[in-house]
file work_28.cif (mmCIF, C-alpha atoms and all ligand atoms)
data_coords
loop_
_atom_site.group_PDB
_atom_site.id
_atom_site.type_symbol
_atom_site.label_atom_id
_atom_site.label_comp_id
_atom_site.auth_asym_id
_atom_site.auth_seq_id
_atom_site.Cartn_x
_atom_site.Cartn_y
_atom_site.Cartn_z
ATOM 1 C CA MET C 1 151.971 -115.023 -177.683
ATOM 2 C CA SER C 2 153.976 -117.653 -179.531
ATOM 3 C CA ASN C 3 155.953 -119.440 -176.808
ATOM 4 C CA GLY C 4 154.633 -121.411 -173.848
ATOM 5 C CA VAL C 5 154.652 -125.134 -174.457
ATOM 6 C CA THR C 6 154.142 -127.020 -171.186
ATOM 7 C CA GLY C 7 154.333 -130.781 -171.716
ATOM 8 C CA ASP C 8 151.877 -131.502 -174.558
ATOM 9 C CA PHE C 9 150.030 -128.242 -173.977
ATOM 10 C CA SER C 10 150.574 -125.464 -176.544
ATOM 11 C CA LEU C 11 149.605 -122.033 -175.258
ATOM 12 C CA SER C 12 149.551 -120.508 -178.735
ATOM 13 C CA GLN C 13 147.153 -123.176 -180.033
ATOM 14 C CA TRP C 14 144.992 -122.803 -176.959
ATOM 15 C CA ASN C 15 144.759 -119.033 -176.966
ATOM 16 C CA THR C 16 144.122 -118.360 -180.697
ATOM 17 C CA PRO C 17 140.358 -119.194 -180.750
ATOM 18 C CA HIS C 18 139.870 -117.423 -177.403
ATOM 19 C CA ARG C 19 141.593 -114.271 -178.682
ATOM 20 C CA GLU C 20 139.457 -114.303 -181.848
ATOM 21 C CA ALA C 21 136.203 -114.721 -179.934
ATOM 22 C CA LEU C 22 137.238 -111.993 -177.504
ATOM 23 C CA LEU C 23 138.101 -109.564 -180.311
ATOM 24 C CA LYS C 24 134.681 -110.162 -181.916
ATOM 25 C CA ARG C 25 132.994 -109.441 -178.587
ATOM 26 C CA LEU C 26 135.062 -106.277 -178.129
ATOM 27 C CA GLN C 27 134.281 -105.045 -181.639
ATOM 28 C CA THR C 28 130.534 -105.360 -181.109
ATOM 29 C CA CYS C 29 130.838 -102.882 -178.221
ATOM 30 C CA PHE C 30 131.168 -99.937 -180.595
ATOM 31 C CA SER C 31 129.456 -101.184 -183.742
ATOM 32 C CA ALA C 32 125.853 -100.095 -183.104
ATOM 33 C CA GLU C 33 126.349 -96.638 -184.567
ATOM 34 C CA ASP C 34 128.928 -95.291 -187.034
ATOM 35 C CA SER C 35 130.676 -92.294 -185.548
ATOM 36 C CA ARG C 36 134.162 -90.850 -185.363
ATOM 37 C CA LEU C 37 134.110 -91.391 -181.587
ATOM 38 C CA HIS C 38 133.347 -95.079 -182.037
ATOM 39 C CA ASP C 39 136.181 -95.393 -184.583
ATOM 40 C CA ALA C 40 138.479 -93.821 -181.989
ATOM 41 C CA CYS C 41 137.217 -96.264 -179.316
ATOM 42 C CA ILE C 42 137.948 -99.248 -181.582
ATOM 43 C CA TYR C 43 141.466 -97.974 -182.382
ATOM 44 C CA PRO C 44 143.203 -98.981 -179.079
ATOM 45 C CA ILE C 45 141.230 -102.247 -179.023
ATOM 46 C CA GLN C 46 142.390 -103.203 -182.544
ATOM 47 C CA THR C 47 146.055 -102.472 -181.840
ATOM 48 C CA GLY C 48 146.183 -105.775 -179.980
ATOM 49 C CA GLY C 49 148.059 -106.509 -176.805
ATOM 50 C CA LYS C 50 148.517 -109.795 -175.032
ATOM 51 C CA ARG C 51 144.911 -109.986 -173.689
ATOM 52 C CA ILE C 52 146.413 -111.716 -170.674
ATOM 53 C CA ARG C 53 143.694 -110.715 -168.197
ATOM 54 C CA PRO C 54 140.760 -112.226 -170.132
ATOM 55 C CA LEU C 55 142.916 -115.226 -171.029
ATOM 56 C CA PHE C 56 143.429 -115.834 -167.292
ATOM 57 C CA LEU C 57 139.653 -115.753 -166.834
ATOM 58 C CA PHE C 58 139.100 -118.284 -169.651
ATOM 59 C CA ALA C 59 141.924 -120.546 -168.402
ATOM 60 C CA ALA C 60 140.520 -120.451 -164.868
ATOM 61 C CA LEU C 61 137.075 -121.502 -166.102
ATOM 62 C CA GLU C 62 138.643 -124.429 -167.929
ATOM 63 C CA ALA C 63 140.603 -125.289 -164.781
ATOM 64 C CA LEU C 64 137.229 -125.598 -163.054
ATOM 65 C CA GLY C 65 136.067 -127.967 -165.813
ATOM 66 C CA GLN C 66 133.738 -125.354 -167.359
ATOM 67 C CA GLU C 67 133.324 -124.271 -170.980
ATOM 68 C CA VAL C 68 134.104 -120.695 -171.951
ATOM 69 C CA SER C 69 130.563 -119.405 -172.542
ATOM 70 C CA ASP C 70 129.318 -116.197 -174.198
ATOM 71 C CA ASP C 71 128.969 -114.768 -170.693
ATOM 72 C CA ALA C 72 132.645 -115.536 -170.065
ATOM 73 C CA TYR C 73 133.657 -113.702 -173.261
ATOM 74 C CA THR C 74 131.563 -110.743 -172.130
ATOM 75 C CA ALA C 75 133.211 -110.745 -168.690
ATOM 76 C CA GLY C 76 136.654 -111.036 -170.317
ATOM 77 C CA ALA C 77 135.802 -108.176 -172.684
ATOM 78 C CA ALA C 78 134.733 -106.008 -169.725
ATOM 79 C CA ILE C 79 138.113 -106.548 -168.050
ATOM 80 C CA GLU C 80 139.971 -105.844 -171.298
ATOM 81 C CA LEU C 81 137.981 -102.616 -171.789
ATOM 82 C CA ILE C 82 139.064 -101.411 -168.335
ATOM 83 C CA HIS C 83 142.671 -102.365 -169.073
ATOM 84 C CA THR C 84 142.556 -100.551 -172.434
ATOM 85 C CA TYR C 85 141.063 -97.392 -170.919
ATOM 86 C CA SER C 86 143.808 -97.364 -168.273
ATOM 87 C CA LEU C 87 146.468 -97.468 -170.998
ATOM 88 C CA VAL C 88 144.785 -94.674 -173.009
ATOM 89 C CA HIS C 89 144.630 -92.398 -169.960
ATOM 90 C CA ASP C 90 148.075 -93.420 -168.709
ATOM 91 C CA ASP C 91 149.607 -92.362 -172.052
ATOM 92 C CA LEU C 92 148.168 -88.818 -171.805
ATOM 93 C CA PRO C 93 150.513 -85.827 -171.382
ATOM 94 C CA CYS C 94 149.250 -85.314 -167.797
ATOM 95 C CA MET C 95 150.331 -88.879 -166.918
ATOM 96 C CA ASP C 96 153.191 -90.657 -168.739
ATOM 97 C CA ASN C 97 153.084 -88.558 -171.916
ATOM 98 C CA ASP C 98 153.820 -91.398 -174.317
ATOM 99 C CA ASP C 99 153.682 -91.044 -178.109
ATOM 100 C CA LEU C 100 153.677 -94.742 -178.918
ATOM 101 C CA ARG C 101 151.876 -97.767 -177.519
ATOM 102 C CA ARG C 102 152.363 -101.245 -179.018
ATOM 103 C CA GLY C 103 154.430 -99.576 -181.757
ATOM 104 C CA LYS C 104 151.549 -97.347 -182.892
ATOM 105 C CA PRO C 105 150.623 -93.710 -182.101
ATOM 106 C CA THR C 106 148.841 -93.395 -178.758
ATOM 107 C CA VAL C 107 145.203 -92.296 -178.903
ATOM 108 C CA HIS C 108 145.958 -88.628 -178.127
ATOM 109 C CA LYS C 109 148.593 -88.613 -180.889
ATOM 110 C CA GLN C 110 146.332 -90.333 -183.421
ATOM 111 C CA TYR C 111 143.351 -88.085 -182.562
ATOM 112 C CA ASN C 112 143.799 -85.435 -179.852
ATOM 113 C CA GLU C 113 143.925 -85.133 -176.064
ATOM 114 C CA GLY C 114 140.251 -84.381 -175.600
ATOM 115 C CA ILE C 115 139.242 -87.399 -177.651
ATOM 116 C CA ALA C 116 141.704 -89.625 -175.727
ATOM 117 C CA VAL C 117 140.026 -88.596 -172.447
ATOM 118 C CA LEU C 118 136.609 -89.365 -173.924
ATOM 119 C CA VAL C 119 137.745 -92.681 -175.428
ATOM 120 C CA GLY C 120 139.008 -93.782 -172.000
ATOM 121 C CA ASP C 121 135.734 -92.693 -170.402
ATOM 122 C CA ALA C 122 133.695 -94.530 -173.056
ATOM 123 C CA LEU C 123 135.702 -97.753 -172.665
ATOM 124 C CA LEU C 124 135.343 -97.615 -168.871
ATOM 125 C CA THR C 125 131.599 -97.070 -168.916
ATOM 126 C CA LYS C 126 131.088 -99.657 -171.690
ATOM 127 C CA ALA C 127 132.814 -102.256 -169.514
ATOM 128 C CA PHE C 128 130.083 -102.002 -166.869
ATOM 129 C CA GLU C 129 127.293 -101.745 -169.465
ATOM 130 C CA ILE C 130 128.259 -105.074 -171.063
ATOM 131 C CA LEU C 131 129.019 -106.767 -167.754
ATOM 132 C CA SER C 132 125.493 -105.942 -166.579
ATOM 133 C CA GLU C 133 124.187 -107.894 -169.608
ATOM 134 C CA VAL C 134 125.715 -111.190 -168.411
ATOM 135 C CA SER C 135 122.869 -113.668 -167.977
ATOM 136 C CA ASP C 136 124.443 -115.369 -164.953
ATOM 137 C CA HIS C 137 122.503 -114.820 -161.726
ATOM 138 C CA HIS C 138 125.750 -113.655 -160.087
ATOM 139 C CA VAL C 139 125.927 -110.550 -162.309
ATOM 140 C CA ALA C 140 125.749 -108.084 -159.394
ATOM 141 C CA ALA C 141 128.730 -109.786 -157.729
ATOM 142 C CA LEU C 142 130.713 -109.555 -160.977
ATOM 143 C CA VAL C 143 129.972 -105.830 -161.334
ATOM 144 C CA ARG C 144 130.959 -105.194 -157.723
ATOM 145 C CA LEU C 145 134.220 -107.142 -157.997
ATOM 146 C CA LEU C 146 135.268 -105.390 -161.199
ATOM 147 C CA GLY C 147 134.342 -101.958 -159.823
ATOM 148 C CA LYS C 148 136.328 -102.504 -156.660
ATOM 149 C CA SER C 149 139.435 -103.796 -158.431
ATOM 150 C CA ALA C 150 139.427 -100.955 -160.972
ATOM 151 C CA GLY C 151 138.723 -98.207 -158.447
ATOM 152 C CA SER C 152 140.340 -96.265 -155.625
ATOM 153 C CA VAL C 153 141.295 -99.308 -153.530
ATOM 154 C CA GLY C 154 142.565 -101.084 -156.651
ATOM 155 C CA MET C 155 144.026 -99.860 -159.930
ATOM 156 C CA ILE C 156 143.310 -96.143 -159.485
ATOM 157 C CA GLY C 157 144.630 -96.262 -155.905
ATOM 158 C CA GLY C 158 147.854 -97.762 -157.271
ATOM 159 C CA GLN C 159 148.124 -95.068 -159.926
ATOM 160 C CA SER C 160 147.628 -92.385 -157.256
ATOM 161 C CA LEU C 161 150.563 -93.875 -155.328
ATOM 162 C CA ASP C 162 152.551 -94.037 -158.571
ATOM 163 C CA ILE C 163 152.166 -90.342 -159.335
ATOM 164 C CA GLY C 164 153.292 -89.502 -155.793
ATOM 165 C CA PHE C 165 149.977 -88.246 -154.426
ATOM 166 C CA GLU C 166 150.463 -90.271 -151.221
ATOM 167 C CA GLY C 167 154.167 -89.407 -150.845
ATOM 168 C CA THR C 168 157.372 -90.933 -152.130
ATOM 169 C CA VAL C 169 157.498 -94.651 -152.872
ATOM 170 C CA ASP C 170 161.035 -95.534 -151.814
ATOM 171 C CA SER C 171 160.682 -98.867 -149.982
ATOM 172 C CA LEU C 172 160.043 -102.387 -151.195
ATOM 173 C CA GLU C 173 156.963 -102.548 -148.995
ATOM 174 C CA ARG C 174 155.341 -99.453 -150.506
ATOM 175 C CA LEU C 175 156.299 -100.426 -154.047
ATOM 176 C CA THR C 176 154.700 -103.833 -153.520
ATOM 177 C CA VAL C 177 151.478 -102.204 -152.256
ATOM 178 C CA LEU C 178 151.531 -99.865 -155.271
ATOM 179 C CA HIS C 179 151.813 -102.705 -157.766
ATOM 180 C CA LYS C 180 149.411 -105.045 -155.998
ATOM 181 C CA ARG C 181 146.870 -102.299 -156.640
ATOM 182 C CA LYS C 182 147.941 -100.762 -159.941
ATOM 183 C CA THR C 183 148.633 -103.978 -161.873
ATOM 184 C CA GLY C 184 147.754 -106.844 -159.551
ATOM 185 C CA ALA C 185 144.138 -105.986 -158.788
ATOM 186 C CA LEU C 186 142.893 -106.248 -162.386
ATOM 187 C CA ILE C 187 144.722 -109.542 -162.923
ATOM 188 C CA ALA C 188 143.500 -111.022 -159.629
ATOM 189 C CA VAL C 189 139.906 -110.034 -160.371
ATOM 190 C CA ALA C 190 139.983 -112.016 -163.638
ATOM 191 C CA LEU C 191 140.602 -115.154 -161.575
ATOM 192 C CA GLU C 192 138.049 -114.148 -158.964
ATOM 193 C CA MET C 193 135.367 -113.498 -161.600
ATOM 194 C CA ALA C 194 136.080 -116.912 -163.132
ATOM 195 C CA GLY C 195 135.393 -118.442 -159.732
ATOM 196 C CA VAL C 196 132.007 -116.710 -159.625
ATOM 197 C CA LEU C 197 131.054 -117.569 -163.220
ATOM 198 C CA GLY C 198 132.320 -121.137 -162.842
ATOM 199 C CA ASN C 199 130.476 -121.835 -159.570
ATOM 200 C CA ALA C 200 133.736 -122.657 -157.812
ATOM 201 C CA SER C 201 133.671 -124.250 -154.378
ATOM 202 C CA THR C 202 134.986 -122.077 -151.538
ATOM 203 C CA GLU C 203 138.298 -123.919 -151.670
ATOM 204 C CA GLN C 204 138.609 -123.482 -155.453
ATOM 205 C CA ALA C 205 137.604 -119.799 -155.300
ATOM 206 C CA THR C 206 140.262 -119.153 -152.642
ATOM 207 C CA ALA C 207 142.883 -121.001 -154.712
ATOM 208 C CA LEU C 208 142.016 -118.943 -157.807
ATOM 209 C CA LEU C 209 142.167 -115.662 -155.919
ATOM 210 C CA GLU C 210 145.523 -116.548 -154.308
ATOM 211 C CA PHE C 211 146.837 -117.669 -157.712
ATOM 212 C CA GLY C 212 145.694 -114.306 -159.122
ATOM 213 C CA LYS C 213 147.396 -112.256 -156.398
ATOM 214 C CA HIS C 214 150.722 -114.076 -156.800
ATOM 215 C CA ILE C 215 150.684 -114.014 -160.580
ATOM 216 C CA GLY C 216 149.676 -110.324 -160.584
ATOM 217 C CA LEU C 217 152.811 -109.496 -158.629
ATOM 218 C CA ALA C 218 154.899 -111.819 -160.824
ATOM 219 C CA PHE C 219 153.578 -109.964 -163.887
ATOM 220 C CA GLN C 220 154.812 -106.611 -162.582
ATOM 221 C CA LEU C 221 158.177 -107.959 -161.408
ATOM 222 C CA ALA C 222 158.742 -109.439 -164.890
ATOM 223 C CA ASP C 223 157.551 -106.179 -166.459
ATOM 224 C CA ASP C 224 160.054 -104.165 -164.452
ATOM 225 C CA VAL C 225 162.858 -106.406 -165.738
ATOM 226 C CA LEU C 226 161.623 -105.922 -169.337
ATOM 227 C CA ASP C 227 161.427 -102.130 -168.830
ATOM 228 C CA ALA C 228 164.630 -101.817 -166.762
ATOM 229 C CA GLU C 229 166.505 -99.712 -169.313
ATOM 230 C CA GLU C 230 163.628 -97.319 -169.999
ATOM 231 C CA ASP C 231 162.793 -96.892 -166.258
ATOM 232 C CA ALA C 232 166.447 -96.221 -165.319
ATOM 233 C CA GLU C 233 166.215 -92.572 -166.455
ATOM 234 C CA GLU C 234 166.403 -90.027 -163.655
ATOM 235 C CA ASP C 235 162.730 -89.041 -163.949
ATOM 236 C CA GLY C 236 161.690 -92.702 -164.500
ATOM 237 C CA PRO C 237 159.105 -94.432 -162.278
ATOM 238 C CA PRO C 238 159.881 -96.336 -159.046
ATOM 239 C CA SER C 239 160.708 -99.930 -159.937
ATOM 240 C CA PHE C 240 161.653 -103.274 -158.397
ATOM 241 C CA VAL C 241 164.821 -103.335 -160.488
ATOM 242 C CA LYS C 242 165.940 -100.020 -158.938
ATOM 243 C CA LEU C 243 165.443 -101.446 -155.434
ATOM 244 C CA LEU C 244 166.545 -105.073 -155.948
ATOM 245 C CA GLY C 245 168.600 -105.208 -159.154
ATOM 246 C CA GLU C 246 167.666 -107.128 -162.291
ATOM 247 C CA THR C 247 168.669 -110.652 -161.223
ATOM 248 C CA GLU C 248 166.920 -110.486 -157.845
ATOM 249 C CA THR C 249 163.805 -109.019 -159.449
ATOM 250 C CA HIS C 250 163.580 -111.886 -161.924
ATOM 251 C CA LEU C 251 164.136 -114.401 -159.127
ATOM 252 C CA ALA C 252 161.341 -112.739 -157.160
ATOM 253 C CA ALA C 253 159.083 -113.052 -160.227
ATOM 254 C CA GLN C 254 159.862 -116.765 -160.432
ATOM 255 C CA GLN C 255 159.159 -117.167 -156.708
ATOM 256 C CA SER C 256 155.779 -115.430 -157.082
ATOM 257 C CA MET C 257 155.032 -117.708 -160.049
ATOM 258 C CA SER C 258 155.870 -120.794 -157.934
ATOM 259 C CA ASP C 259 153.601 -119.487 -155.163
ATOM 260 C CA ALA C 260 150.843 -119.140 -157.769
ATOM 261 C CA LEU C 261 151.428 -122.605 -159.240
ATOM 262 C CA ALA C 262 151.212 -124.143 -155.758
ATOM 263 C CA GLN C 263 147.504 -123.192 -155.747
ATOM 264 C CA LEU C 264 146.744 -125.287 -158.825
ATOM 265 C CA THR C 265 146.539 -128.557 -156.897
ATOM 266 C CA HIS C 266 142.980 -127.518 -155.974
ATOM 267 C CA LEU C 267 141.871 -127.447 -159.627
ATOM 268 C CA ASN C 268 140.971 -130.224 -162.063
ATOM 269 C CA SER C 269 142.416 -129.053 -165.419
ATOM 270 C CA PRO C 270 145.029 -126.382 -164.750
ATOM 271 C CA GLN C 271 147.198 -126.779 -167.912
ATOM 272 C CA ALA C 272 146.265 -123.443 -169.496
ATOM 273 C CA LEU C 273 146.633 -121.588 -166.182
ATOM 274 C CA GLN C 274 150.056 -123.120 -165.676
ATOM 275 C CA ALA C 275 151.203 -122.211 -169.197
ATOM 276 C CA LEU C 276 149.913 -118.640 -168.827
ATOM 277 C CA ALA C 277 151.704 -118.287 -165.476
ATOM 278 C CA GLU C 278 154.973 -119.392 -167.065
ATOM 279 C CA PHE C 279 154.416 -117.060 -170.021
ATOM 280 C CA THR C 280 153.818 -114.193 -167.574
ATOM 281 C CA VAL C 281 157.282 -114.551 -166.079
ATOM 282 C CA PHE C 282 159.354 -115.680 -169.066
ATOM 283 C CA ARG C 283 157.735 -113.508 -171.785
ATOM 284 C CA LYS C 284 159.828 -111.192 -173.935
ATOM 285 C CA HIS C 285 157.250 -108.394 -174.311
HETATM 286 C C1 LIG C 301 143.692 -94.865 -165.227
HETATM 287 C C2 LIG C 301 145.604 -93.327 -165.777
HETATM 288 C C3 LIG C 301 145.122 -94.598 -165.227
HETATM 289 C C4 LIG C 301 146.028 -95.478 -164.751
HETATM 290 C C5 LIG C 301 145.736 -96.747 -164.114
HETATM 291 C C6 LIG C 301 147.100 -99.690 -165.086
HETATM 292 C C7 LIG C 301 147.483 -98.264 -165.018
HETATM 293 C C8 LIG C 301 147.019 -97.486 -163.840
HETATM 294 C C9 LIG C 301 148.210 -97.709 -165.971
HETATM 295 C C10 LIG C 301 148.647 -98.423 -167.186
HETATM 296 C C11 LIG C 301 150.102 -98.241 -167.437
HETATM 297 C C12 LIG C 301 150.990 -99.293 -166.935
HETATM 298 C C13 LIG C 301 152.322 -99.343 -167.564
HETATM 299 C C14 LIG C 301 150.637 -100.130 -165.981
HETATM 300 C C15 LIG C 301 151.460 -101.189 -165.428
HETATM 301 C C16 LIG C 301 150.807 -102.447 -165.787
HETATM 302 C C17 LIG C 301 151.179 -102.848 -167.147
HETATM 303 C C18 LIG C 301 152.474 -103.488 -167.315
HETATM 304 C C19 LIG C 301 150.382 -102.644 -168.140
HETATM 305 C C20 LIG C 301 150.620 -103.147 -169.503
HETATM 306 O O1 LIG C 301 149.877 -104.342 -169.547
HETATM 307 P P1 LIG C 301 150.088 -105.432 -170.641
HETATM 308 O O2 LIG C 301 151.549 -105.776 -170.730
HETATM 309 O O3 LIG C 301 149.693 -104.622 -171.955
HETATM 310 O O4 LIG C 301 149.151 -106.532 -170.399
HETATM 311 P P2 LIG C 301 149.204 -105.161 -173.366
HETATM 312 O O5 LIG C 301 149.784 -104.182 -174.360
HETATM 313 O O6 LIG C 301 149.724 -106.548 -173.574
HETATM 314 O O7 LIG C 301 147.717 -105.097 -173.349
#
call {"tool": "encode", "arguments": {"input": "work_28.cif", "output": "structure tokens", "more": "lines below"}}
Ligand code: GRG
result
Amino acid sequence: MSNGVTGDFSLSQWNTPHREALLKRLQTCFSAEDSRLHDACIYPIQTGGKRIRPLFLFAALEALGQEVSDDAYTAGAAIELIHTYSLVHDDLPCMDNDDLRRGKPTVHKQYNEGIAVLVGDALLTKAFEILSEVSDHHVAALVRLLGKSAGSVGMIGGQSLDIGFEGTVDSLERLTVLHKRKTGALIAVALEMAGVLGNASTEQATALLEFGKHIGLAFQLADDVLDAEEDAEEDGPPSFVKLLGETETHLAAQQSMSDALAQLTHLNSPQALQALAEFTVFRKH
């Protein structure tokens, strides 16, 4: 994440210490016992990624005037574990059947299919184990929010739509519902969890959630533009670019970003949130 300078604010300078602290927290998840399974669990965590969901949580806490505490790193790590498990399972032959992720062999290619299923399961269950260790008195609310966003009315519900289990997705309306669940829910919950951890007022919590919903959609619209060539194949997934064309899809992403940014007036220090929102739409990967 090298670009993203908004005024005097440098996103790359801001996010480096947060990414390091997050990685440390993630590594401790599978360090208690040496085993081949734990090595396999660490593998998709170490291969990097943008970490955009936890970064949204940290930026939202700062927007509320709060420090990013150990509890916040744990909550961010829980979200990243869910995200990582979804990628491991999505890459499996029974889903997208991908050999490479972030330029490296996918988990089932590096190990085998059975281990990739177990790694995903272990990451998913670890997410809730560590989240339950948060010392904040709102821990039950955090667990409930994350469970709901990752489950059948959130990310998994979106994936079920994506693989055609609820019928063909051939309209803008249905594609938007699909992506609000599949991609949007886990991004929006990062903002919502920040509101809980940061003791946001009702007005601030609503602004964060609305920001999260708009930027979640913007993320997917931008992603569809980045993946336009790959998705164009006959057996490729439904995409906004197929329905709207590339230019309109990018304009829609910018509109969703503007809708998100409009929520920031309710927050005291929104620089990092603003820079992350702009990165989301104008990123190159
Ligand atoms: C549990 C099988 C299963 C699926 C759940 C989220 C999901 C549904 C599948 C992941 C695959 C996918 C391409 C989802 C669309 C959202 C998306 C663009 C994910 C990639 O997220 P980034 O760009 O990834 O944040 P990095 O590599 O930066 O971590």
call {"tool": "residues_near_ligand", "arguments": {"input": "work_28.cif", "ligand": "ligand LIG 301 (chain C)", "cutoff": "7 Å", "atoms": "all atoms listed in the file", "output": "PyMOL selection string"}}
result
chain C and resi 48-52+83-87+89-90+95+102+155-156+158-159+182-183+220+223
call {"tool": "residues_around", "arguments": {"input": "work_28.cif", "residues": "Glu229 in chain C", "least_positions_apart": "4", "cutoff": "12 Å", "atoms": "all atoms listed in the file", "output": "MDAnalysis selection string"}}
result
chainID C and resid 223:225 233:234 236:237 239 241:242 245:246
call {"tool": "resolve_selection", "arguments": {"input": "work_28.cif", "expression": "the PyMOL selection byres (((chain C and resi 258-263) around 9) and not hetatm)", "output": "PyMOL selection string"}}
result
chain C and resi 204+206-208+210-215+218+253-257+264-267+273-274+277
call {"tool": "residues_around", "arguments": {"input": "work_28.cif", "residues": "range 60-73 of chain C", "least_positions_apart": "3", "cutoff": "10 Å", "atoms": "all atoms listed in the file", "output": "VMD selection string"}}
result
chain C and resid 18 to 19 21 to 26 54 to 57 76 to 79 130 to 131 133 to 136 139 190 to 201 204 to 205 208 211 to 212 264 266 to 274
call {"tool": "atom_distance", "arguments": {"input": "work_28.cif", "atom1": "CA of Pro44 in chain C", "atom2": "CA of Ala150 in chain C"}}
result
18.6 Å
call {"tool": "residues_around", "arguments": {"input": "work_28.cif", "residues": "Val88 in chain C", "least_positions_apart": "2", "cutoff": "12 Å", "atoms": "all atoms listed in the file", "output": "ChimeraX atom specification"}}
result
/C:40-45,47,81-86,90-102,105-124
call {"tool": "atom_distance", "arguments": {"input": "work_28.cif", "atom1": "CA of Leu178 in chain C", "atom2": "CA of Ala59 in chain C"}}
result
26.3 Å
call {"tool": "atom_distance", "arguments": {"input": "work_28.cif", "atom1": "CA of Arg53 in chain C", "atom2": "CA of Gly216 in chain C"}}
result
9.7 Å
call {"tool": "axis_aligned_box", "arguments": {"input": "work_28.cif", "around": "range 126-132 of chain C", "padding_each_side": "6 Å", "output": "lines of an AutoDock Vina configuration file"}}
result
center_x = 129.2
center_y = -103.2
center_z = -169.1
size_x = 19.3
size_y = 19.1
size_z = 17.1
call {"tool": "residues_around", "arguments": {"input": "work_28.cif", "residues": "Leu175 in chain C", "least_positions_apart": "2", "cutoff": "10 Å", "atoms": "all atoms listed in the file", "output": "list in words"}}
result
Gly158, Leu161, Asp162, Thr168, Val169, Asp170, Ser171, Leu172, Glu173, Val177, Leu178, His179, Lys180, Arg181, Pro238, Ser239, Phe240 and Leu243 of chain C
call {"tool": "closest_residue", "arguments": {"input": "work_28.cif", "among": "C:Asn15, C:Ser132, C:Gln46, C:Thr247", "to": "Phe58 in chain C", "atoms": "all atoms listed in the file"}}
result
C:Asn15
call {"tool": "closest_residue", "arguments": {"input": "work_28.cif", "among": "C:Ala275, C:Val189, C:Ala252, C:Val153", "to": "Ser12 in chain C", "atoms": "only C-alpha atoms"}}
result
C:Ala275
call {"tool": "closest_residue", "arguments": {"input": "work_28.cif", "among": "C:Leu142, C:Leu226, C:Ile163, C:Leu11", "to": "Glu278 in chain C", "atoms": "all atoms listed in the file"}}
result
C:Leu11
call {"tool": "closest_residue", "arguments": {"input": "work_28.cif", "among": "C:Thr176, C:Ala141, C:Leu146, C:Ala32", "to": "Thr125 in chain C", "atoms": "all atoms listed in the file"}}
result
C:Leu146
